[in-house]
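Student: This is the content of input35.txt (compact mmCIF, C-alpha atoms):
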```
# COMPACT_ATOMS: atom_id res chain seq x y z
CA MET A 1 59.42 -11.79 32.06
CA ALA A 2 58.30 -15.35 31.56
CA GLU A 3 60.64 -17.63 29.74
CA PHE A 4 59.70 -19.64 26.70
CA PRO A 5 58.71 -23.21 27.63
CA SER A 6 61.39 -25.79 26.99
CA LYS A 7 59.10 -28.29 25.32
CA VAL A 8 56.94 -26.99 22.53
CA SER A 9 54.90 -29.24 20.33
CA THR A 10 54.67 -28.00 16.77
CA ARG A 11 52.88 -29.52 13.85
CA THR A 12 53.24 -28.65 10.21
CA SER A 13 51.08 -29.56 7.29
CA SER A 14 51.41 -29.18 3.58
CA PRO A 15 48.63 -28.03 1.25
CA ALA A 16 46.78 -30.61 -0.81
CA GLN A 17 48.61 -31.72 -3.91
CA GLY A 18 47.82 -29.70 -7.00
CA ALA A 19 45.68 -27.14 -5.22
CA GLY A 20 46.93 -23.94 -3.71
CA VAL A 21 43.52 -22.91 -2.41
CA SER A 22 40.99 -25.47 -1.35
CA VAL A 23 37.42 -24.68 -2.29
CA SER A 24 34.68 -26.94 -1.06
CA ALA A 25 32.54 -28.21 -3.88
CA LEU A 26 28.90 -27.24 -3.79
CA ARG A 27 26.84 -30.37 -3.87
CA PRO A 28 23.07 -30.18 -4.21
CA ASP A 29 20.99 -31.73 -1.47
CA LEU A 30 18.47 -33.82 -3.38
CA GLY A 31 16.73 -34.66 -0.15
CA PHE A 32 15.65 -31.01 0.04
CA VAL A 33 13.95 -31.27 -3.35
CA ARG A 34 12.01 -34.29 -2.07
CA SER A 35 10.98 -32.50 1.14
CA SER A 36 7.73 -30.59 1.46
CA LEU A 37 9.52 -27.22 1.55
CA GLY A 38 11.51 -28.07 -1.58
CA ALA A 39 8.44 -29.32 -3.45
CA LEU A 40 6.49 -26.18 -2.53
CA MET A 41 9.36 -23.95 -3.63
CA LEU A 42 9.53 -25.78 -6.95
CA LEU A 43 5.78 -25.28 -7.33
CA GLN A 44 6.27 -21.58 -6.56
CA LEU A 45 8.93 -21.36 -9.25
CA VAL A 46 6.76 -23.04 -11.89
CA LEU A 47 3.62 -21.03 -11.10
CA GLY A 48 5.57 -17.78 -10.78
CA LEU A 49 7.17 -18.35 -14.17
CA LEU A 50 3.76 -19.05 -15.65
CA VAL A 51 2.25 -15.85 -14.18
CA TRP A 52 4.88 -13.52 -15.49
CA ALA A 53 5.11 -15.32 -18.82
CA LEU A 54 1.37 -14.90 -19.37
CA ILE A 55 1.48 -11.20 -18.48
CA ALA A 56 4.70 -10.58 -20.43
CA ASP A 57 3.11 -11.98 -23.59
CA THR A 58 0.47 -9.23 -23.56
CA PRO A 59 1.04 -5.47 -24.00
CA TYR A 60 1.22 -4.97 -20.22
CA HIS A 61 3.24 -1.76 -20.49
CA LEU A 62 0.14 0.09 -21.73
CA TYR A 63 -1.73 -0.48 -18.45
CA PRO A 64 -0.27 0.39 -15.02
CA ALA A 65 -2.13 -2.43 -13.26
CA TYR A 66 -0.31 -5.03 -15.31
CA GLY A 67 3.00 -3.31 -14.65
CA TRP A 68 2.40 -3.90 -10.93
CA VAL A 69 1.47 -7.54 -11.53
CA MET A 70 4.60 -7.99 -13.64
CA PHE A 71 6.81 -6.40 -10.97
CA VAL A 72 5.36 -8.57 -8.20
CA ALA A 73 5.58 -11.77 -10.24
CA VAL A 74 9.16 -11.28 -11.46
CA PHE A 75 10.52 -9.91 -8.17
CA LEU A 76 9.07 -12.69 -6.04
CA TRP A 77 10.06 -15.30 -8.62
CA LEU A 78 13.69 -14.14 -8.44
CA VAL A 79 13.66 -14.11 -4.63
CA THR A 80 12.22 -17.63 -4.67
CA ILE A 81 15.04 -18.75 -6.97
CA ILE A 82 17.61 -17.28 -4.58
CA LEU A 83 16.04 -18.97 -1.55
CA PHE A 84 15.72 -22.26 -3.44
CA ILE A 85 19.42 -22.18 -4.38
CA LEU A 86 20.38 -21.30 -0.79
CA TYR A 87 18.49 -24.31 0.52
CA LEU A 88 19.39 -26.66 -2.34
CA PHE A 89 23.12 -26.17 -1.82
CA GLN A 90 22.74 -25.87 1.98
CA LEU A 91 24.24 -22.39 1.96
CA HIS A 92 21.80 -21.38 4.68
CA MET A 93 23.82 -23.54 7.08
CA LYS A 94 26.95 -21.54 6.35
CA LEU A 95 25.07 -18.34 7.17
CA TYR A 96 24.09 -19.60 10.61
CA MET A 97 23.67 -16.13 12.09
CA VAL A 98 20.57 -15.50 9.94
CA PRO A 99 17.30 -16.82 11.42
CA TRP A 100 16.17 -18.68 8.28
CA PRO A 101 12.76 -19.87 9.51
CA LEU A 102 11.92 -16.25 10.35
CA VAL A 103 13.23 -15.06 6.97
CA LEU A 104 11.07 -17.63 5.16
CA MET A 105 8.03 -16.69 7.23
CA ILE A 106 8.46 -12.97 6.54
CA PHE A 107 9.04 -13.67 2.84
CA ASN A 108 5.94 -15.83 2.52
CA ILE A 109 3.71 -13.39 4.41
CA SER A 110 4.91 -10.39 2.40
CA ALA A 111 4.67 -12.39 -0.85
CA THR A 112 1.10 -13.34 0.02
CA VAL A 113 0.16 -9.70 0.61
CA LEU A 114 1.86 -8.62 -2.63
CA TYR A 115 0.20 -11.40 -4.62
CA ILE A 116 -3.22 -10.49 -3.22
CA THR A 117 -2.73 -6.88 -4.34
CA ALA A 118 -1.52 -8.13 -7.73
CA PHE A 119 -4.58 -10.38 -8.00
CA ILE A 120 -6.91 -7.49 -7.24
CA ALA A 121 -5.14 -5.23 -9.75
CA CYS A 122 -5.09 -7.91 -12.45
CA SER A 123 -8.69 -8.95 -11.90
CA ALA A 124 -9.94 -5.38 -11.94
CA ALA A 125 -8.08 -4.60 -15.17
CA VAL A 126 -8.95 -7.74 -17.18
CA ASP A 127 -12.43 -6.64 -18.26
CA LEU A 128 -11.39 -3.03 -18.85
CA THR A 129 -8.39 -3.74 -21.08
CA SER A 130 -9.43 -6.73 -23.19
CA LEU A 131 -12.29 -7.95 -25.29
CA ARG A 132 -13.87 -11.09 -23.85
CA GLY A 133 -12.81 -14.20 -25.76
CA THR A 134 -9.66 -12.71 -27.29
CA ARG A 135 -6.18 -14.06 -26.64
CA PRO A 136 -5.04 -11.19 -24.34
CA TYR A 137 -8.25 -11.52 -22.31
CA ASN A 138 -7.70 -15.24 -21.81
CA GLN A 139 -4.03 -14.77 -20.85
CA ARG A 140 -4.77 -12.00 -18.37
CA ALA A 141 -7.64 -13.91 -16.84
CA ALA A 142 -5.44 -17.00 -16.49
CA ALA A 143 -2.68 -14.91 -14.94
CA SER A 144 -5.08 -13.48 -12.36
CA VAL A 145 -6.13 -16.99 -11.36
CA LEU A 146 -2.50 -18.12 -11.14
CA VAL A 147 -1.57 -15.12 -9.01
CA THR A 148 -3.93 -16.31 -6.30
CA SER A 149 -2.82 -19.93 -6.54
CA ARG A 150 0.88 -18.97 -6.36
CA ARG A 151 1.06 -19.10 -2.53
CA PRO A 152 0.64 -22.80 -1.71
CA GLN A 153 2.13 -22.48 1.81
CA LEU A 154 -0.89 -20.56 3.04
CA ASP A 155 -3.25 -23.12 1.47
CA CYS A 156 -5.21 -20.55 -0.57
CA ARG A 157 -5.51 -22.89 -3.56
CA ARG A 158 -8.26 -24.90 -1.91
CA CYS A 159 -10.34 -21.76 -1.45
CA LEU A 160 -10.31 -21.11 -5.18
CA LEU A 161 -11.16 -24.61 -6.39
```
Would you write the structure of this file as structure tokens?
Tutor:
Amino acid sequence: MAEFPSKVSTRTSSPAQGAGVSVSALRPDLGFVRSSLGALMLLQLVLGLLVWALIADTPYHLYPAYGWVMFVAVFLWLVTIILFILYLFQLHMKLYMVPWPLVLMIFNISATVLYITAFIACSAAVDLTSLRGTRPYNQRAAASVLVTSRRPQLDCRRCLL
């Protein structure tokens, strides 16, 4: 059996004063907010909030088409908030095993498909469920326009203008 070496170098350290457990502080990366990805995500958050706020202010629960629009708008808005927070606080760098560019691409493609279906459902139901010129008609029509302009990464806004 091998003997223990005669010279062993040991080093001891003490924990930081006043803290038993060190937790790294989460600092926001303001450079991300100024980047194109951060600006587009902020635009997604604002437009997504506007879409579901316009639909939520009408009696959407009476019509299944608006229930779908509401689900798509709120679900994708919450996912966008989660992704924005991950990138704002650089938490995506701590989860290095996840291919983040691929995750963002899959999210944006699936969100685009879901928003197109929501746009079709909302546009088809506007005339059937509201009287032209009334407040619910105007809100639902505005929501259907915002649903299509919600995906700025795929540059669909220019097609609508």
Student: Point out the residue among A:Lys94, A:Arg132, A:Arg11, A:Arg140 with the least atom-to-atom distance to Leu26 (chain A), counting all atoms listed in the file.
Tutor: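 Nearest to Leu26 (chain A): A:Lys94.
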Student: Which distance in Å separates CA of Leu50 (chain A) and CA of Arg27 (chain A), to one decimal?
Tutor: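 Atom-to-atom, CA of Leu50 (chain A) and CA of Arg27 (chain A) are spaced 28.3 Å apart.
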Student: What is the distance, in Å and to one decimal place, between CA of Ile106 (chain A) and CA of Met70 (chain A)?
Tutor: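 Those two atoms sit 21.1 Å apart.
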Student: Name the residues in contact with Val33 (chain A) at a cut-off of 12 Å, using all atoms listed in the file, excluding same-chain residues fewer than 4 positions from it; report them as number ranges by chain.
Tutor: A: 28-29, 37-43, 84-85, 87-90
Student: Counting all atoms listed in the file, select every polymer residue within 12 Å of (8.7, -12.1, -10.0) as defined in the file's coordinates, and provide the selection as a PDB file with C-alpha atoms, in the frame of the given file.
Tutor:
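See result-v1.pdb below for the written result:
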```pdb
ATOM      1  CA  GLN A  44       6.270 -21.580  -6.560  1.00  0.00           C
ATOM      2  CA  LEU A  45       8.930 -21.360  -9.250  1.00  0.00           C
ATOM      3  CA  VAL A  46       6.760 -23.040 -11.890  1.00  0.00           C
ATOM      4  CA  LEU A  47       3.620 -21.030 -11.100  1.00  0.00           C
ATOM      5  CA  GLY A  48       5.570 -17.780 -10.780  1.00  0.00           C
ATOM      6  CA  LEU A  49       7.170 -18.350 -14.170  1.00  0.00           C
ATOM      7  CA  LEU A  50       3.760 -19.050 -15.650  1.00  0.00           C
ATOM      8  CA  VAL A  51       2.250 -15.850 -14.180  1.00  0.00           C
ATOM      9  CA  TRP A  52       4.880 -13.520 -15.490  1.00  0.00           C
ATOM     10  CA  ALA A  53       5.110 -15.320 -18.820  1.00  0.00           C
ATOM     11  CA  ILE A  55       1.480 -11.200 -18.480  1.00  0.00           C
ATOM     12  CA  ALA A  56       4.700 -10.580 -20.430  1.00  0.00           C
ATOM     13  CA  GLY A  67       3.000  -3.310 -14.650  1.00  0.00           C
ATOM     14  CA  TRP A  68       2.400  -3.900 -10.930  1.00  0.00           C
ATOM     15  CA  VAL A  69       1.470  -7.540 -11.530  1.00  0.00           C
ATOM     16  CA  MET A  70       4.600  -7.990 -13.640  1.00  0.00           C
ATOM     17  CA  PHE A  71       6.810  -6.400 -10.970  1.00  0.00           C
ATOM     18  CA  VAL A  72       5.360  -8.570  -8.200  1.00  0.00           C
ATOM     19  CA  ALA A  73       5.580 -11.770 -10.240  1.00  0.00           C
ATOM     20  CA  VAL A  74       9.160 -11.280 -11.460  1.00  0.00           C
ATOM     21  CA  PHE A  75      10.520  -9.910  -8.170  1.00  0.00           C
ATOM     22  CA  LEU A  76       9.070 -12.690  -6.040  1.00  0.00           C
ATOM     23  CA  TRP A  77      10.060 -15.300  -8.620  1.00  0.00           C
ATOM     24  CA  LEU A  78      13.690 -14.140  -8.440  1.00  0.00           C
ATOM     25  CA  VAL A  79      13.660 -14.110  -4.630  1.00  0.00           C
ATOM     26  CA  THR A  80      12.220 -17.630  -4.670  1.00  0.00           C
ATOM     27  CA  ILE A  81      15.040 -18.750  -6.970  1.00  0.00           C
ATOM     28  CA  ILE A  82      17.610 -17.280  -4.580  1.00  0.00           C
ATOM     29  CA  ALA A 111       4.670 -12.390  -0.850  1.00  0.00           C
ATOM     30  CA  LEU A 114       1.860  -8.620  -2.630  1.00  0.00           C
ATOM     31  CA  TYR A 115       0.200 -11.400  -4.620  1.00  0.00           C
ATOM     32  CA  ALA A 118      -1.520  -8.130  -7.730  1.00  0.00           C
ATOM     33  CA  VAL A 147      -1.570 -15.120  -9.010  1.00  0.00           C
ATOM     34  CA  ARG A 150       0.880 -18.970  -6.360  1.00  0.00           C
TER      35      ARG A 150
END
```
Student: Considering all atoms listed in the file, can you say which of A:Thr112, A:Ser123, A:Ser35, A:Thr117 comes closest to Ala143 (chain A)?
Tutor: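 Among A:Thr112, A:Ser123, A:Ser35, A:Thr117, it is A:Ser123 that comes nearest to Ala143 (chain A).
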Student: Excluding same-chain residues fewer than 2 positions from Pro59 (chain A), what lies within 12 Å of it counting all atoms listed in the file, as a compact mmCIF listing (two decimals) with C-alpha atoms, keeping the file's coordinate frame?
Tutor:
```txt
# COMPACT_ATOMS: atom_id res chain seq x y z
CA ALA A 53 5.11 -15.32 -18.82
CA LEU A 54 1.37 -14.90 -19.37
CA ILE A 55 1.48 -11.20 -18.48
CA ALA A 56 4.70 -10.58 -20.43
CA ASP A 57 3.11 -11.98 -23.59
CA HIS A 61 3.24 -1.76 -20.49
CA LEU A 62 0.14 0.09 -21.73
CA TYR A 63 -1.73 -0.48 -18.45
CA PRO A 64 -0.27 0.39 -15.02
CA ALA A 65 -2.13 -2.43 -13.26
CA TYR A 66 -0.31 -5.03 -15.31
CA GLY A 67 3.00 -3.31 -14.65
CA MET A 70 4.60 -7.99 -13.64
CA THR A 129 -8.39 -3.74 -21.08
CA SER A 130 -9.43 -6.73 -23.19
CA ARG A 135 -6.18 -14.06 -26.64
CA PRO A 136 -5.04 -11.19 -24.34
CA TYR A 137 -8.25 -11.52 -22.31
CA GLN A 139 -4.03 -14.77 -20.85
CA ARG A 140 -4.77 -12.00 -18.37
```
Student: Using Å and a single decimal, report how far CA of Leu86 (chain A) sits from CA of Phe107 (chain A).
Tutor: 14.1 Å
